[in-house]
Amino acid sequence: MQTVHIYRLHPRPKLFACLKAAQMEAASVWNLCCEVHKQARTSHTRWPGRDALQQATKGRFALHSQSVQMVVHAFLATIAITRQLRQSHPQMHMKYPWRTKRFYPVKWPTQAVSKEHGRVVLPTGKGRTSIVLPIELPENSGACSLVWNGGFELYVCVEQPQAEQVPGTGHATVDLGEIHLAAVSTNTGQAMIVTGRGIRSLKRQRSKQLGTLAKKQSKCKQYSRRWKKLQRAKNKIKVRAERRIRDLRHKATRKVITSCIEQKVGKLFIGNPHGVRNRDSGRHHNQRMAVWEYGKDIDYLTHKAKQAHIMSFTGSERGSSSQCPVCGHKHKPKGRNWACKACGFSGHRDLVGAVNMHQLAFSEHVIFPRSVTYLRPGLARSSSRADAPQASEDACCLSQSPDQPLLA
Ligand SMILES: [Zn+2]
């Protein structure tokens with residue numbers, strides 16, 4: 001199995017210029033492919049294939065030959081998918097690649113990357129100086145890409161071993177939520193909740209900061225010096241918030257999978273909350289819904305489950321949170337607690353959803369768990385608790401709250 005490690009680069013001006021030039025060179029490979037392909041299309045001759053494009057781009061660019069080939073492959077993949085979409089969705093009027101690019105990510109396959117003494121050497125072709133980055137790559141790392149994401153980043157493919165055996169035969173369901181990122185219940189009567197409040201507060205902070213800057217920016221002349229300065233500040237906030245959110249999301253989903261392994265889960269059902277988002281529920285609620293990225297939660301969970309050899313699948317969770325897990329009475333819950341008017345049952349709202357999903361996914365009835373474990377995916381900011389460790393990116397894992405039996 002492959003995962004991607006992301007390294008943020010902080011290049012000095014000279015190296016920065018090098019990296020920029022490499023990306024611009026990759027863009028001109030793409031532009032040449034576009035040009036060649038366009039000519040073939042307009043003159044109704046045979047479309048250039050892999051060999052023709054490789055021949056056309058060979059030895060003309062200041063990049064490693066395989067980096068050039070990777071751009072060609074990416075171009076051909078885009079052509080293939082566009083062709084397919086034009087046939088299946090003619091009403092969409094898909095265009096073949098036409099825009100002249102200024103920058104394009106540079107990729108190096110595994111054979112081209114060399115690692116030595118805590119450095120990584122990325123060749124740019126014969127007779128040219130290579131790009132040398134002071135990064136200690138892991139032993140089993142492979143292909144690299146140079147990507148711009150509000151600053152240069154190096155994406156490194158890392159081969160990770162997949163667990164050889166299924167942890168067990170248990171079933172678990174995950175109810176994704178915005179306040180509680182994931183509510184997990186197993187058919188053995190265990191329950192766990194990972195809160196998403198850290199992520200939510202980071203997003204709220206980001207929205208507020210961006211709002212303040214946008215207000216200031218609206219008073220400036222567009223593209224003036226002050227306007228540009230504010231734009232840079234906005235970009236910085238966006239990129240930083242994105243990194244911190246990604247970090248927390250990884251930690252949260254890791255907690256879910258770790259607990260699944262502990263509970264010997266073999267099959268994991270992830271409820272897809274699609275549909276909740278499309279309701280119009282007022283300005284504030286709509287903003288929260290719009291920034292709730294449950295698709296990423298599903299992706300991260302699926303990937304981590306695969307690595308742990310747990311079979312995971314998704315499906316609609318429709319109606320699972322509005323039914324009483326004891327008597328089946330239906331009503332819409334208000335607040336975080338689910339209280340049944342018919343039989344007097346009371347329990348955590350998100351867990352009710354997770355427990356009911358067992359019926360949907362595995363057709364089995366599960367008793368509502370007697371106790372819940374609460375976990376935090378790490379602290380977004382330094383905690384108000386005096387005994388908590390300082391919230392550095394890695395120390396976050398240590399500061400989980402102890403298991404609290406909450407519901408009797
Ligand atoms: Zn009931």
# chains A, B, ... in the order shown; residues from 1 in each chain; ligands from 1

call {"tool": "residues_near_ligand", "arguments": {"ligand": "ligand 1", "cutoff": "6 Å", "atoms": "only C-alpha atoms and all ligand atoms", "output": "PyMOL selection string"}}
result
chain A and resi 324+326-329+340+342-343+345

call {"tool": "residues_around", "arguments": {"residues": "range 223-231 of chain A", "least_positions_apart": "5", "cutoff": "9 Å", "atoms": "only C-alpha atoms", "output": "mmCIF file with N, CA and C atoms, in the first residue's frame"}}
result
data_model
loop_
_atom_site.group_PDB
_atom_site.id
_atom_site.type_symbol
_atom_site.label_atom_id
_atom_site.label_comp_id
_atom_site.auth_asym_id
_atom_site.auth_seq_id
_atom_site.Cartn_x
_atom_site.Cartn_y
_atom_site.Cartn_z
ATOM 1 N N LEU A 213 -10.004 40.325 6.968
ATOM 2 C CA LEU A 213 -9.090 40.789 5.926
ATOM 3 C C LEU A 213 -9.853 41.188 4.655
ATOM 4 N N ALA A 214 -10.910 40.426 4.335
ATOM 5 C CA ALA A 214 -11.681 40.732 3.126
ATOM 6 C C ALA A 214 -12.341 42.104 3.257
ATOM 7 N N LYS A 216 -11.165 44.642 4.987
ATOM 8 C CA LYS A 216 -10.122 45.654 4.783
ATOM 9 C C LYS A 216 -9.806 45.787 3.304
ATOM 10 N N GLN A 217 -9.745 44.602 2.654
ATOM 11 C CA GLN A 217 -9.367 44.582 1.242
ATOM 12 C C GLN A 217 -10.400 45.294 0.378
ATOM 13 N N SER A 218 -11.657 45.227 0.801
ATOM 14 C CA SER A 218 -12.723 45.829 -0.009
ATOM 15 C C SER A 218 -12.576 47.343 -0.078
ATOM 16 N N LYS A 236 -1.778 33.058 3.448
ATOM 17 C CA LYS A 236 -1.016 32.448 4.540
ATOM 18 C C LYS A 236 -1.967 31.791 5.550
#

call {"tool": "closest_residue", "arguments": {"among": "A:Lys251, A:Leu210, A:Ala305, A:Ile257", "to": "Arg232 in chain A", "atoms": "only C-alpha atoms"}}
result
A:Leu210

call {"tool": "atom_distance", "arguments": {"atom1": "CA of Lys332 in chain A", "atom2": "CA of Leu301 in chain A"}}
result
27.7 Å

call {"tool": "residues_around", "arguments": {"residues": "Ile245 in chain A", "least_positions_apart": "6", "cutoff": "10 Å", "atoms": "only C-alpha atoms", "output": "number ranges by chain"}}
result
A: 198-203, 239, 251, 380

call {"tool": "closest_residue", "arguments": {"among": "A:Ser130, A:Gln87, A:Thr195, A:Thr314", "to": "His64 in chain A", "atoms": "only C-alpha atoms"}}
result
A:Ser130

call {"tool": "closest_atom_pairs", "arguments": {"of": "range 6-125 of chain A", "to": "range 148-171 of chain A", "cutoff": "12 Å", "atoms": "only C-alpha atoms", "output": "CSV"}}
result
residue,atom,partner,partner_atom,distance
A:Ile6,CA,A:Tyr155,CA,4.7
A:Tyr7,CA,A:Leu154,CA,5.1
A:Arg8,CA,A:Glu153,CA,4.6
A:Leu9,CA,A:Glu153,CA,5.4
A:His10,CA,A:Phe152,CA,7.4
A:Pro11,CA,A:Phe152,CA,8.1
A:Arg12,CA,A:Phe152,CA,11.5
A:Leu15,CA,A:Phe152,CA,10.8
A:Phe16,CA,A:Phe152,CA,8.4
A:Ala17,CA,A:Phe152,CA,11.3
A:Cys18,CA,A:Phe152,CA,11.5
A:Leu19,CA,A:Phe152,CA,8.1
A:Lys20,CA,A:Phe152,CA,9.0
A:Ala22,CA,A:Trp148,CA,11.7
A:Gln23,CA,A:Trp148,CA,9.0
A:Met24,CA,A:Trp148,CA,11.7
A:Phe103,CA,A:Trp148,CA,8.9
A:Tyr104,CA,A:Trp148,CA,8.7
A:Pro105,CA,A:Trp148,CA,7.3
A:Val106,CA,A:Leu154,CA,9.7
A:Lys107,CA,A:Tyr155,CA,9.2
A:Trp108,CA,A:Val156,CA,9.7
A:Pro109,CA,A:Cys157,CA,9.6
A:Thr110,CA,A:Cys157,CA,8.8
A:Val113,CA,A:Val156,CA,10.3
A:Val120,CA,A:Leu154,CA,10.6
A:Leu122,CA,A:Leu154,CA,11.0

call {"tool": "write_last_selection", "arguments": {"atoms": "C-alpha atoms", "output": "short mmCIF file (atom, residue, chain, number, x, y, z; two decimals), in the first residue's frame"}}
result
data_model
loop_
_atom_site.label_atom_id
_atom_site.label_comp_id
_atom_site.auth_asym_id
_atom_site.auth_seq_id
_atom_site.Cartn_x
_atom_site.Cartn_y
_atom_site.Cartn_z
CA ILE A 6 4.22 15.81 2.42
CA TYR A 7 7.31 17.88 3.14
CA ARG A 8 7.00 21.63 3.29
CA LEU A 9 10.00 23.29 1.63
CA HIS A 10 11.49 26.57 2.75
CA PRO A 11 13.91 27.26 -0.10
CA ARG A 12 16.40 30.10 -0.21
CA LEU A 15 16.78 27.29 -4.88
CA PHE A 16 13.35 28.90 -5.09
CA ALA A 17 14.21 30.19 -8.57
CA CYS A 18 15.41 26.68 -9.52
CA LEU A 19 12.17 25.05 -8.38
CA LYS A 20 10.11 27.68 -10.13
CA ALA A 22 11.53 23.43 -13.17
CA GLN A 23 7.78 23.87 -12.80
CA MET A 24 7.70 26.34 -15.69
CA PHE A 103 3.37 26.07 -14.00
CA TYR A 104 2.96 22.34 -13.74
CA PRO A 105 3.99 19.93 -10.94
CA VAL A 106 7.29 18.17 -11.66
CA LYS A 107 7.38 14.44 -10.99
CA TRP A 108 10.25 12.02 -10.60
CA PRO A 109 9.67 8.27 -10.69
CA THR A 110 11.31 6.03 -8.10
CA VAL A 113 15.24 9.84 -7.13
CA VAL A 120 17.38 13.93 -1.63
CA LEU A 122 16.29 15.22 -7.91
#

call {"tool": "closest_residue", "arguments": {"among": "A:Gly189, A:Gly353, A:Gly271, A:Gly196", "to": "Ile367 in chain A", "atoms": "only C-alpha atoms"}}
result
A:Gly189

call {"tool": "select_by_dssp", "arguments": {"residues": "range 121-348 of chain A", "states": "strand (DSSP E or B)", "output": "MDAnalysis selection string"}}
result
chainID A and resid 121:122 131:133 141:148 152:159 170:176 180:186 191:195 265:272 311:316 323 330 337:339 346:348

call {"tool": "write_last_selection", "arguments": {"atoms": "C-alpha atoms", "output": "PDB file, in the first residue's frame"}}
result
ATOM      1  CA  VAL A 121      18.752  14.541  -5.115  1.00  0.00           C
ATOM      2  CA  LEU A 122      16.290  15.216  -7.905  1.00  0.00           C
ATOM      3  CA  ILE A 131      17.859  19.924  -7.261  1.00  0.00           C
ATOM      4  CA  VAL A 132      19.161  18.974  -3.829  1.00  0.00           C
ATOM      5  CA  LEU A 133      16.804  19.170  -0.884  1.00  0.00           C
ATOM      6  CA  SER A 141      10.139   5.983  -0.227  1.00  0.00           C
ATOM      7  CA  GLY A 142       9.568   6.141  -3.953  1.00  0.00           C
ATOM      8  CA  ALA A 143       8.393   8.667  -6.503  1.00  0.00           C
ATOM      9  CA  CYS A 144       8.449  12.389  -5.709  1.00  0.00           C
ATOM     10  CA  SER A 145       6.446  15.348  -6.975  1.00  0.00           C
ATOM     11  CA  LEU A 146       7.178  19.013  -6.594  1.00  0.00           C
ATOM     12  CA  VAL A 147       3.888  20.752  -5.923  1.00  0.00           C
ATOM     13  CA  TRP A 148       2.907  24.336  -5.249  1.00  0.00           C
ATOM     14  CA  PHE A 152       6.596  24.592  -2.468  1.00  0.00           C
ATOM     15  CA  GLU A 153       5.895  21.123  -1.136  1.00  0.00           C
ATOM     16  CA  LEU A 154       7.473  17.788  -1.927  1.00  0.00           C
ATOM     17  CA  TYR A 155       5.034  14.872  -2.122  1.00  0.00           C
ATOM     18  CA  VAL A 156       6.778  11.571  -1.564  1.00  0.00           C
ATOM     19  CA  CYS A 157       5.200   8.168  -2.173  1.00  0.00           C
ATOM     20  CA  VAL A 158       5.972   5.801   0.666  1.00  0.00           C
ATOM     21  CA  GLU A 159       5.332   2.088   0.523  1.00  0.00           C
ATOM     22  CA  GLY A 170     -16.652  -8.009  14.593  1.00  0.00           C
ATOM     23  CA  HIS A 171     -18.804  -5.422  12.844  1.00  0.00           C
ATOM     24  CA  ALA A 172     -18.577  -1.697  13.410  1.00  0.00           C
ATOM     25  CA  THR A 173     -20.454   1.318  12.103  1.00  0.00           C
ATOM     26  CA  VAL A 174     -19.322   4.920  11.930  1.00  0.00           C
ATOM     27  CA  ASP A 175     -21.660   7.874  12.040  1.00  0.00           C
ATOM     28  CA  LEU A 176     -19.883  10.947  10.732  1.00  0.00           C
ATOM     29  CA  HIS A 180     -18.551  14.648  16.769  1.00  0.00           C
ATOM     30  CA  LEU A 181     -16.377  13.729  13.846  1.00  0.00           C
ATOM     31  CA  ALA A 182     -17.068  10.052  14.228  1.00  0.00           C
ATOM     32  CA  ALA A 183     -19.334   8.026  16.476  1.00  0.00           C
ATOM     33  CA  VAL A 184     -18.341   4.375  16.345  1.00  0.00           C
ATOM     34  CA  SER A 185     -20.358   1.452  17.651  1.00  0.00           C
ATOM     35  CA  THR A 186     -19.503  -2.215  17.456  1.00  0.00           C
ATOM     36  CA  ALA A 191     -18.898   2.682  21.649  1.00  0.00           C
ATOM     37  CA  MET A 192     -16.492   5.492  20.987  1.00  0.00           C
ATOM     38  CA  ILE A 193     -16.839   9.104  19.989  1.00  0.00           C
ATOM     39  CA  VAL A 194     -14.095  11.256  18.473  1.00  0.00           C
ATOM     40  CA  THR A 195     -14.944  14.908  18.695  1.00  0.00           C
ATOM     41  CA  VAL A 265     -13.438  -5.476  13.907  1.00  0.00           C
ATOM     42  CA  GLY A 266     -13.399  -7.149  10.494  1.00  0.00           C
ATOM     43  CA  LYS A 267     -16.028  -5.102   8.663  1.00  0.00           C
ATOM     44  CA  LEU A 268     -16.570  -1.386   8.943  1.00  0.00           C
ATOM     45  CA  PHE A 269     -19.598   0.494   7.652  1.00  0.00           C
ATOM     46  CA  ILE A 270     -19.225   4.224   7.141  1.00  0.00           C
ATOM     47  CA  GLY A 271     -22.526   6.077   6.902  1.00  0.00           C
ATOM     48  CA  ASN A 272     -22.617   8.640   4.107  1.00  0.00           C
ATOM     49  CA  MET A 311     -13.070  -4.324   4.965  1.00  0.00           C
ATOM     50  CA  SER A 312     -14.870  -0.991   4.773  1.00  0.00           C
ATOM     51  CA  PHE A 313     -17.867   0.112   2.757  1.00  0.00           C
ATOM     52  CA  THR A 314     -20.173   3.095   2.670  1.00  0.00           C
ATOM     53  CA  GLY A 315     -23.846   3.577   2.118  1.00  0.00           C
ATOM     54  CA  SER A 316     -26.689   5.900   2.888  1.00  0.00           C
ATOM     55  CA  GLN A 323     -35.330   6.148  15.108  1.00  0.00           C
ATOM     56  CA  LYS A 330     -39.446   7.827  15.078  1.00  0.00           C
ATOM     57  CA  ASN A 337     -29.325  13.926  23.554  1.00  0.00           C
ATOM     58  CA  TRP A 338     -31.829  11.547  22.025  1.00  0.00           C
ATOM     59  CA  ALA A 339     -34.858  11.049  24.263  1.00  0.00           C
ATOM     60  CA  SER A 346     -32.289   8.330  26.409  1.00  0.00           C
ATOM     61  CA  GLY A 347     -28.816   8.320  24.903  1.00  0.00           C
ATOM     62  CA  HIS A 348     -26.213  10.148  22.826  1.00  0.00           C
TER      63      HIS A 348
END

call {"tool": "closest_residue", "arguments": {"among": "A:Arg243, A:Lys95, A:Lys304, A:Arg50", "to": "His73 in chain A", "atoms": "only C-alpha atoms"}}
result
A:Arg50

call {"tool": "select_by_dssp", "arguments": {"residues": "range 132-330 of chain A", "states": "helix (DSSP H, G or I)", "output": "number ranges by chain"}}
result
A: 197-218, 225-262, 283-290, 294-307

call {"tool": "residues_around", "arguments": {"residues": "Tyr96 in chain A", "least_positions_apart": "3", "cutoff": "8 Å", "atoms": "only C-alpha atoms", "output": "list in words"}}
result
Ile79, Thr82 and Arg83 of chain A

call {"tool": "write_last_selection", "arguments": {"atoms": "C-alpha atoms", "output": "PDB file, in the first residue's frame"}}
result
ATOM      1  CA  ILE A  79      -7.143  13.195 -23.159  1.00  0.00           C
ATOM      2  CA  THR A  82     -12.038  13.779 -21.651  1.00  0.00           C
ATOM      3  CA  ARG A  83     -12.825  11.594 -24.635  1.00  0.00           C
TER       4      ARG A  83
END

call {"tool": "closest_residue", "arguments": {"among": "A:Pro273, A:Pro325, A:Ile179, A:Glu317", "to": "Arg288 in chain A", "atoms": "only C-alpha atoms"}}
result
A:Ile179
